[in-house]
Amino acid sequence: MISIREQSYGLNVALYNEFTLDDFRQLEAALLESKQKIHLPDILLDLSMLKDFTIDMAMEQIKFLNQHENDFGRVAVITDDIWIKLGARLSSLLTNQHPKYFDDTTKAQEWLLASNFKQ
C-alpha cells in the first residue's frame, strides 16, 4: 500500500506492507505530476513500515530511475530495516540517485526543507 502527499519541496511517500507494481505506477504518476509543478522535486520516502516488495516493481523502478535520473532533487529515505536499506542502496548503485538515510521522518523532512531554502 502507498500514501502520497504533496509538499512544498515535492512529495512525501509512505509505503506500507508490500510495495507492488500497482503502487509503483501510482508513485510514478505522482512523481511525473510533481515534476510539472517543481523543477527538481525532492522526495521523502518512508520505508519504515515496508515489509516486502515485488520483483516486477523493482524492475520497473530501475527502468524509471534510469529514464528520469536527472529529473528529481534530493531523496530522503526513512528506514531502520537493514535489508530494506541494503535493497535501496543496491538500486541506487544502478542509477545516479544518491539518497540520504534517516531513522525518523522529522529529521528527514527538516533536511529536505533546509536544502529547499538553499536553492
# chains A, B, ... in the order shown; residues from 1 in each chain; ligands from 1

call {"tool": "residues_around", "arguments": {"residues": "Leu27 in chain A", "least_positions_apart": "3", "cutoff": "10 Å", "atoms": "only C-alpha atoms", "output": "list of chain:residue names"}}
result
A:Ile2, A:Ser3, A:Ile4, A:Leu11, A:Val13, A:Leu21, A:Asp22, A:Asp23, A:Phe24, A:Ala30, A:Leu31, A:Leu32, A:Glu33, A:Gln61

call {"tool": "write_last_selection", "arguments": {"atoms": "C-alpha atoms", "output": "tab-separated table (two decimals), in the first residue's frame"}}
result
chain	number	residue	atom	x	y	z
A	2	ILE	CA	1.16	3.54	-0.73
A	3	SER	CA	0.38	7.03	0.60
A	4	ILE	CA	1.46	10.09	-1.39
A	11	LEU	CA	6.40	14.61	-2.31
A	13	VAL	CA	5.67	8.96	0.08
A	21	LEU	CA	3.72	-2.79	-9.29
A	22	ASP	CA	0.33	-1.06	-8.93
A	23	ASP	CA	1.73	1.03	-6.06
A	24	PHE	CA	4.75	1.92	-8.17
A	30	ALA	CA	2.70	11.38	-8.82
A	31	LEU	CA	6.41	11.95	-9.48
A	32	LEU	CA	5.81	12.99	-13.07
A	33	GLU	CA	2.98	15.31	-11.99
A	61	GLN	CA	11.69	1.20	-10.50

call {"tool": "select_by_dssp", "arguments": {"residues": "chain A", "states": "alpha helix (DSSP H)", "output": "ChimeraX atom specification"}}
result
/A:21-37,55-67,82-93,105-118

call {"tool": "atom_distance", "arguments": {"atom1": "CA of Ala58 in chain A", "atom2": "CA of Ser34 in chain A"}}
result
21.3 Å

call {"tool": "closest_residue", "arguments": {"among": "A:Glu28, A:Glu18, A:Asp80, A:Asp71", "to": "Asp52 in chain A", "atoms": "only C-alpha atoms"}}
result
A:Glu18

call {"tool": "closest_residue", "arguments": {"among": "A:Val75, A:Leu44, A:Ile55, A:Leu65", "to": "Gln109 in chain A", "atoms": "only C-alpha atoms"}}
result
A:Leu44

call {"tool": "atom_distance", "arguments": {"atom1": "CA of Phe19 in chain A", "atom2": "CA of Ile43 in chain A"}}
result
16.7 Å

call {"tool": "residues_around", "arguments": {"residues": "Asp103 in chain A", "least_positions_apart": "3", "cutoff": "10 Å", "atoms": "only C-alpha atoms", "output": "list of chain:residue names"}}
result
A:Asp46, A:Ser48, A:Val77, A:Ile78, A:Thr79, A:Asp80, A:Asp81, A:Thr106, A:Lys107, A:Ala108

call {"tool": "write_last_selection", "arguments": {"atoms": "N, CA, C and O atoms", "output": "compact mmCIF listing (two decimals), in the first residue's frame"}}
result
# COMPACT_ATOMS: atom_id res chain seq x y z
N ASP A 46 9.31 7.15 2.96
CA ASP A 46 9.25 6.47 4.25
C ASP A 46 9.04 4.97 4.04
O ASP A 46 7.97 4.52 3.65
N SER A 48 9.72 2.81 6.56
CA SER A 48 9.78 2.24 7.90
C SER A 48 8.71 1.17 8.15
O SER A 48 8.87 0.34 9.04
N VAL A 77 15.40 8.91 2.59
CA VAL A 77 14.82 7.60 2.81
C VAL A 77 14.79 7.32 4.30
O VAL A 77 15.81 7.43 4.98
N ILE A 78 13.62 6.94 4.80
CA ILE A 78 13.46 6.62 6.21
C ILE A 78 13.29 5.11 6.34
O ILE A 78 12.35 4.54 5.80
N THR A 79 14.23 4.50 7.03
CA THR A 79 14.14 3.07 7.30
C THR A 79 15.09 2.70 8.42
O THR A 79 16.14 3.33 8.57
N ASP A 80 14.71 1.71 9.19
CA ASP A 80 15.62 1.17 10.19
C ASP A 80 15.88 -0.31 9.93
O ASP A 80 16.59 -0.96 10.66
N ASP A 81 15.30 -0.83 8.85
CA ASP A 81 15.47 -2.24 8.48
C ASP A 81 16.70 -2.37 7.59
O ASP A 81 16.78 -1.78 6.52
N THR A 106 10.91 13.27 11.02
CA THR A 106 11.15 14.67 11.37
C THR A 106 12.51 15.15 10.85
O THR A 106 12.61 16.20 10.22
N LYS A 107 13.55 14.37 11.09
CA LYS A 107 14.89 14.76 10.64
C LYS A 107 14.98 14.78 9.11
O LYS A 107 15.61 15.66 8.53
N ALA A 108 14.34 13.82 8.48
CA ALA A 108 14.36 13.77 7.02
C ALA A 108 13.66 14.99 6.43
O ALA A 108 14.17 15.62 5.50

call {"tool": "atom_distance", "arguments": {"atom1": "CA of Met1 in chain A", "atom2": "CA of Met49 in chain A"}}
result
10.0 Å

call {"tool": "closest_residue", "arguments": {"among": "A:Leu45, A:Leu112, A:Leu40, A:Met57", "to": "Phe72 in chain A", "atoms": "only C-alpha atoms"}}
result
A:Leu40

call {"tool": "select_by_dssp", "arguments": {"residues": "range 12-113 of chain A", "states": "strand (DSSP E or B)", "output": "MDAnalysis selection string"}}
result
chainID A and resid 12:19 42:53 75:78 100:102

call {"tool": "closest_residue", "arguments": {"among": "A:Tyr9, A:Tyr16, A:Trp111, A:Tyr101", "to": "Lys51 in chain A", "atoms": "only C-alpha atoms"}}
result
A:Tyr16

call {"tool": "decode", "arguments": {"residues": "range 45-74 of chain A", "atoms": "N, CA, C and O atoms", "output": "PDB file, in the first residue's frame"}}
result
ATOM      1  N   LEU A  45      10.882   9.480   1.242  1.00  0.00           N
ATOM      2  CA  LEU A  45      10.389   8.122   1.026  1.00  0.00           C
ATOM      3  C   LEU A  45      10.473   7.357   2.337  1.00  0.00           C
ATOM      4  O   LEU A  45      11.549   6.990   2.789  1.00  0.00           O
ATOM      5  N   ASP A  46       9.309   7.146   2.960  1.00  0.00           N
ATOM      6  CA  ASP A  46       9.246   6.471   4.254  1.00  0.00           C
ATOM      7  C   ASP A  46       9.043   4.970   4.036  1.00  0.00           C
ATOM      8  O   ASP A  46       7.965   4.524   3.647  1.00  0.00           O
ATOM      9  N   LEU A  47      10.095   4.209   4.293  1.00  0.00           N
ATOM     10  CA  LEU A  47      10.049   2.753   4.143  1.00  0.00           C
ATOM     11  C   LEU A  47       9.984   2.052   5.492  1.00  0.00           C
ATOM     12  O   LEU A  47      10.144   0.835   5.566  1.00  0.00           O
ATOM     13  N   SER A  48       9.721   2.807   6.560  1.00  0.00           N
ATOM     14  CA  SER A  48       9.777   2.237   7.905  1.00  0.00           C
ATOM     15  C   SER A  48       8.706   1.173   8.152  1.00  0.00           C
ATOM     16  O   SER A  48       8.866   0.339   9.037  1.00  0.00           O
ATOM     17  N   MET A  49       7.630   1.172   7.374  1.00  0.00           N
ATOM     18  CA  MET A  49       6.582   0.156   7.560  1.00  0.00           C
ATOM     19  C   MET A  49       6.522  -0.811   6.378  1.00  0.00           C
ATOM     20  O   MET A  49       5.613  -1.613   6.271  1.00  0.00           O
ATOM     21  N   LEU A  50       7.510  -0.741   5.503  1.00  0.00           N
ATOM     22  CA  LEU A  50       7.569  -1.642   4.355  1.00  0.00           C
ATOM     23  C   LEU A  50       8.065  -3.011   4.812  1.00  0.00           C
ATOM     24  O   LEU A  50       9.065  -3.113   5.509  1.00  0.00           O
ATOM     25  N   LYS A  51       7.347  -4.034   4.410  1.00  0.00           N
ATOM     26  CA  LYS A  51       7.729  -5.402   4.774  1.00  0.00           C
ATOM     27  C   LYS A  51       8.352  -6.153   3.603  1.00  0.00           C
ATOM     28  O   LYS A  51       9.193  -7.017   3.794  1.00  0.00           O
ATOM     29  N   ASP A  52       7.924  -5.820   2.368  1.00  0.00           N
ATOM     30  CA  ASP A  52       8.377  -6.574   1.209  1.00  0.00           C
ATOM     31  C   ASP A  52       8.091  -5.771  -0.054  1.00  0.00           C
ATOM     32  O   ASP A  52       7.371  -4.771  -0.011  1.00  0.00           O
ATOM     33  N   PHE A  53       8.651  -6.199  -1.164  1.00  0.00           N
ATOM     34  CA  PHE A  53       8.345  -5.593  -2.451  1.00  0.00           C
ATOM     35  C   PHE A  53       8.358  -6.695  -3.496  1.00  0.00           C
ATOM     36  O   PHE A  53       8.967  -7.748  -3.302  1.00  0.00           O
ATOM     37  N   THR A  54       7.671  -6.454  -4.599  1.00  0.00           N
ATOM     38  CA  THR A  54       7.608  -7.462  -5.648  1.00  0.00           C
ATOM     39  C   THR A  54       8.747  -7.226  -6.649  1.00  0.00           C
ATOM     40  O   THR A  54       9.199  -6.101  -6.837  1.00  0.00           O
ATOM     41  N   ILE A  55       9.191  -8.284  -7.275  1.00  0.00           N
ATOM     42  CA  ILE A  55      10.297  -8.209  -8.235  1.00  0.00           C
ATOM     43  C   ILE A  55       9.907  -7.359  -9.446  1.00  0.00           C
ATOM     44  O   ILE A  55      10.713  -6.560  -9.920  1.00  0.00           O
ATOM     45  N   ASP A  56       8.660  -7.491  -9.928  1.00  0.00           N
ATOM     46  CA  ASP A  56       8.246  -6.691 -11.080  1.00  0.00           C
ATOM     47  C   ASP A  56       8.281  -5.202 -10.767  1.00  0.00           C
ATOM     48  O   ASP A  56       8.660  -4.387 -11.589  1.00  0.00           O
ATOM     49  N   MET A  57       7.942  -4.846  -9.522  1.00  0.00           N
ATOM     50  CA  MET A  57       8.023  -3.444  -9.107  1.00  0.00           C
ATOM     51  C   MET A  57       9.477  -2.979  -9.115  1.00  0.00           C
ATOM     52  O   MET A  57       9.798  -1.908  -9.610  1.00  0.00           O
ATOM     53  N   ALA A  58      10.377  -3.808  -8.597  1.00  0.00           N
ATOM     54  CA  ALA A  58      11.791  -3.426  -8.531  1.00  0.00           C
ATOM     55  C   ALA A  58      12.364  -3.198  -9.932  1.00  0.00           C
ATOM     56  O   ALA A  58      13.120  -2.254 -10.147  1.00  0.00           O
ATOM     57  N   MET A  59      11.981  -4.038 -10.871  1.00  0.00           N
ATOM     58  CA  MET A  59      12.454  -3.879 -12.250  1.00  0.00           C
ATOM     59  C   MET A  59      11.921  -2.577 -12.857  1.00  0.00           C
ATOM     60  O   MET A  59      12.661  -1.846 -13.520  1.00  0.00           O
ATOM     61  N   GLU A  60      10.659  -2.268 -12.636  1.00  0.00           N
ATOM     62  CA  GLU A  60      10.079  -1.023 -13.145  1.00  0.00           C
ATOM     63  C   GLU A  60      10.734   0.189 -12.499  1.00  0.00           C
ATOM     64  O   GLU A  60      10.952   1.205 -13.152  1.00  0.00           O
ATOM     65  N   GLN A  61      11.040   0.087 -11.210  1.00  0.00           N
ATOM     66  CA  GLN A  61      11.687   1.196 -10.504  1.00  0.00           C
ATOM     67  C   GLN A  61      13.035   1.499 -11.135  1.00  0.00           C
ATOM     68  O   GLN A  61      13.378   2.653 -11.372  1.00  0.00           O
ATOM     69  N   ILE A  62      13.807   0.479 -11.414  1.00  0.00           N
ATOM     70  CA  ILE A  62      15.125   0.683 -12.009  1.00  0.00           C
ATOM     71  C   ILE A  62      14.996   1.323 -13.389  1.00  0.00           C
ATOM     72  O   ILE A  62      15.721   2.264 -13.720  1.00  0.00           O
ATOM     73  N   LYS A  63      14.049   0.860 -14.196  1.00  0.00           N
ATOM     74  CA  LYS A  63      13.826   1.460 -15.523  1.00  0.00           C
ATOM     75  C   LYS A  63      13.440   2.927 -15.395  1.00  0.00           C
ATOM     76  O   LYS A  63      13.976   3.786 -16.099  1.00  0.00           O
ATOM     77  N   PHE A  64      12.510   3.222 -14.477  1.00  0.00           N
ATOM     78  CA  PHE A  64      12.044   4.590 -14.284  1.00  0.00           C
ATOM     79  C   PHE A  64      13.194   5.492 -13.839  1.00  0.00           C
ATOM     80  O   PHE A  64      13.379   6.590 -14.367  1.00  0.00           O
ATOM     81  N   LEU A  65      13.970   5.036 -12.865  1.00  0.00           N
ATOM     82  CA  LEU A  65      15.077   5.856 -12.361  1.00  0.00           C
ATOM     83  C   LEU A  65      16.122   6.107 -13.438  1.00  0.00           C
ATOM     84  O   LEU A  65      16.695   7.187 -13.506  1.00  0.00           O
ATOM     85  N   ASN A  66      16.368   5.127 -14.272  1.00  0.00           N
ATOM     86  CA  ASN A  66      17.318   5.326 -15.365  1.00  0.00           C
ATOM     87  C   ASN A  66      16.798   6.322 -16.396  1.00  0.00           C
ATOM     88  O   ASN A  66      17.565   7.103 -16.951  1.00  0.00           O
ATOM     89  N   GLN A  67      15.497   6.310 -16.660  1.00  0.00           N
ATOM     90  CA  GLN A  67      14.905   7.228 -17.633  1.00  0.00           C
ATOM     91  C   GLN A  67      14.805   8.653 -17.089  1.00  0.00           C
ATOM     92  O   GLN A  67      14.801   9.611 -17.846  1.00  0.00           O
ATOM     93  N   HIS A  68      14.705   8.793 -15.767  1.00  0.00           N
ATOM     94  CA  HIS A  68      14.464  10.100 -15.152  1.00  0.00           C
ATOM     95  C   HIS A  68      15.527  10.456 -14.126  1.00  0.00           C
ATOM     96  O   HIS A  68      15.256  11.188 -13.176  1.00  0.00           O
ATOM     97  N   GLU A  69      16.755   9.993 -14.338  1.00  0.00           N
ATOM     98  CA  GLU A  69      17.793  10.161 -13.330  1.00  0.00           C
ATOM     99  C   GLU A  69      18.137  11.613 -13.005  1.00  0.00           C
ATOM    100  O   GLU A  69      18.614  11.899 -11.921  1.00  0.00           O
ATOM    101  N   ASN A  70      17.855  12.537 -13.906  1.00  0.00           N
ATOM    102  CA  ASN A  70      18.169  13.945 -13.650  1.00  0.00           C
ATOM    103  C   ASN A  70      16.920  14.799 -13.441  1.00  0.00           C
ATOM    104  O   ASN A  70      17.008  16.021 -13.476  1.00  0.00           O
ATOM    105  N   ASP A  71      15.788  14.165 -13.239  1.00  0.00           N
ATOM    106  CA  ASP A  71      14.511  14.882 -13.138  1.00  0.00           C
ATOM    107  C   ASP A  71      14.088  15.204 -11.717  1.00  0.00           C
ATOM    108  O   ASP A  71      13.103  15.912 -11.522  1.00  0.00           O
ATOM    109  N   PHE A  72      14.801  14.696 -10.729  1.00  0.00           N
ATOM    110  CA  PHE A  72      14.378  14.878  -9.349  1.00  0.00           C
ATOM    111  C   PHE A  72      15.533  15.367  -8.500  1.00  0.00           C
ATOM    112  O   PHE A  72      16.697  15.166  -8.832  1.00  0.00           O
ATOM    113  N   GLY A  73      15.190  16.021  -7.394  1.00  0.00           N
ATOM    114  CA  GLY A  73      16.196  16.561  -6.494  1.00  0.00           C
ATOM    115  C   GLY A  73      16.655  15.533  -5.480  1.00  0.00           C
ATOM    116  O   GLY A  73      16.913  14.379  -5.812  1.00  0.00           O
ATOM    117  N   ARG A  74      16.707  15.951  -4.256  1.00  0.00           N
ATOM    118  CA  ARG A  74      17.189  15.095  -3.180  1.00  0.00           C
ATOM    119  C   ARG A  74      16.149  14.056  -2.786  1.00  0.00           C
ATOM    120  O   ARG A  74      14.957  14.296  -2.878  1.00  0.00           O
TER     121      ARG A  74
END
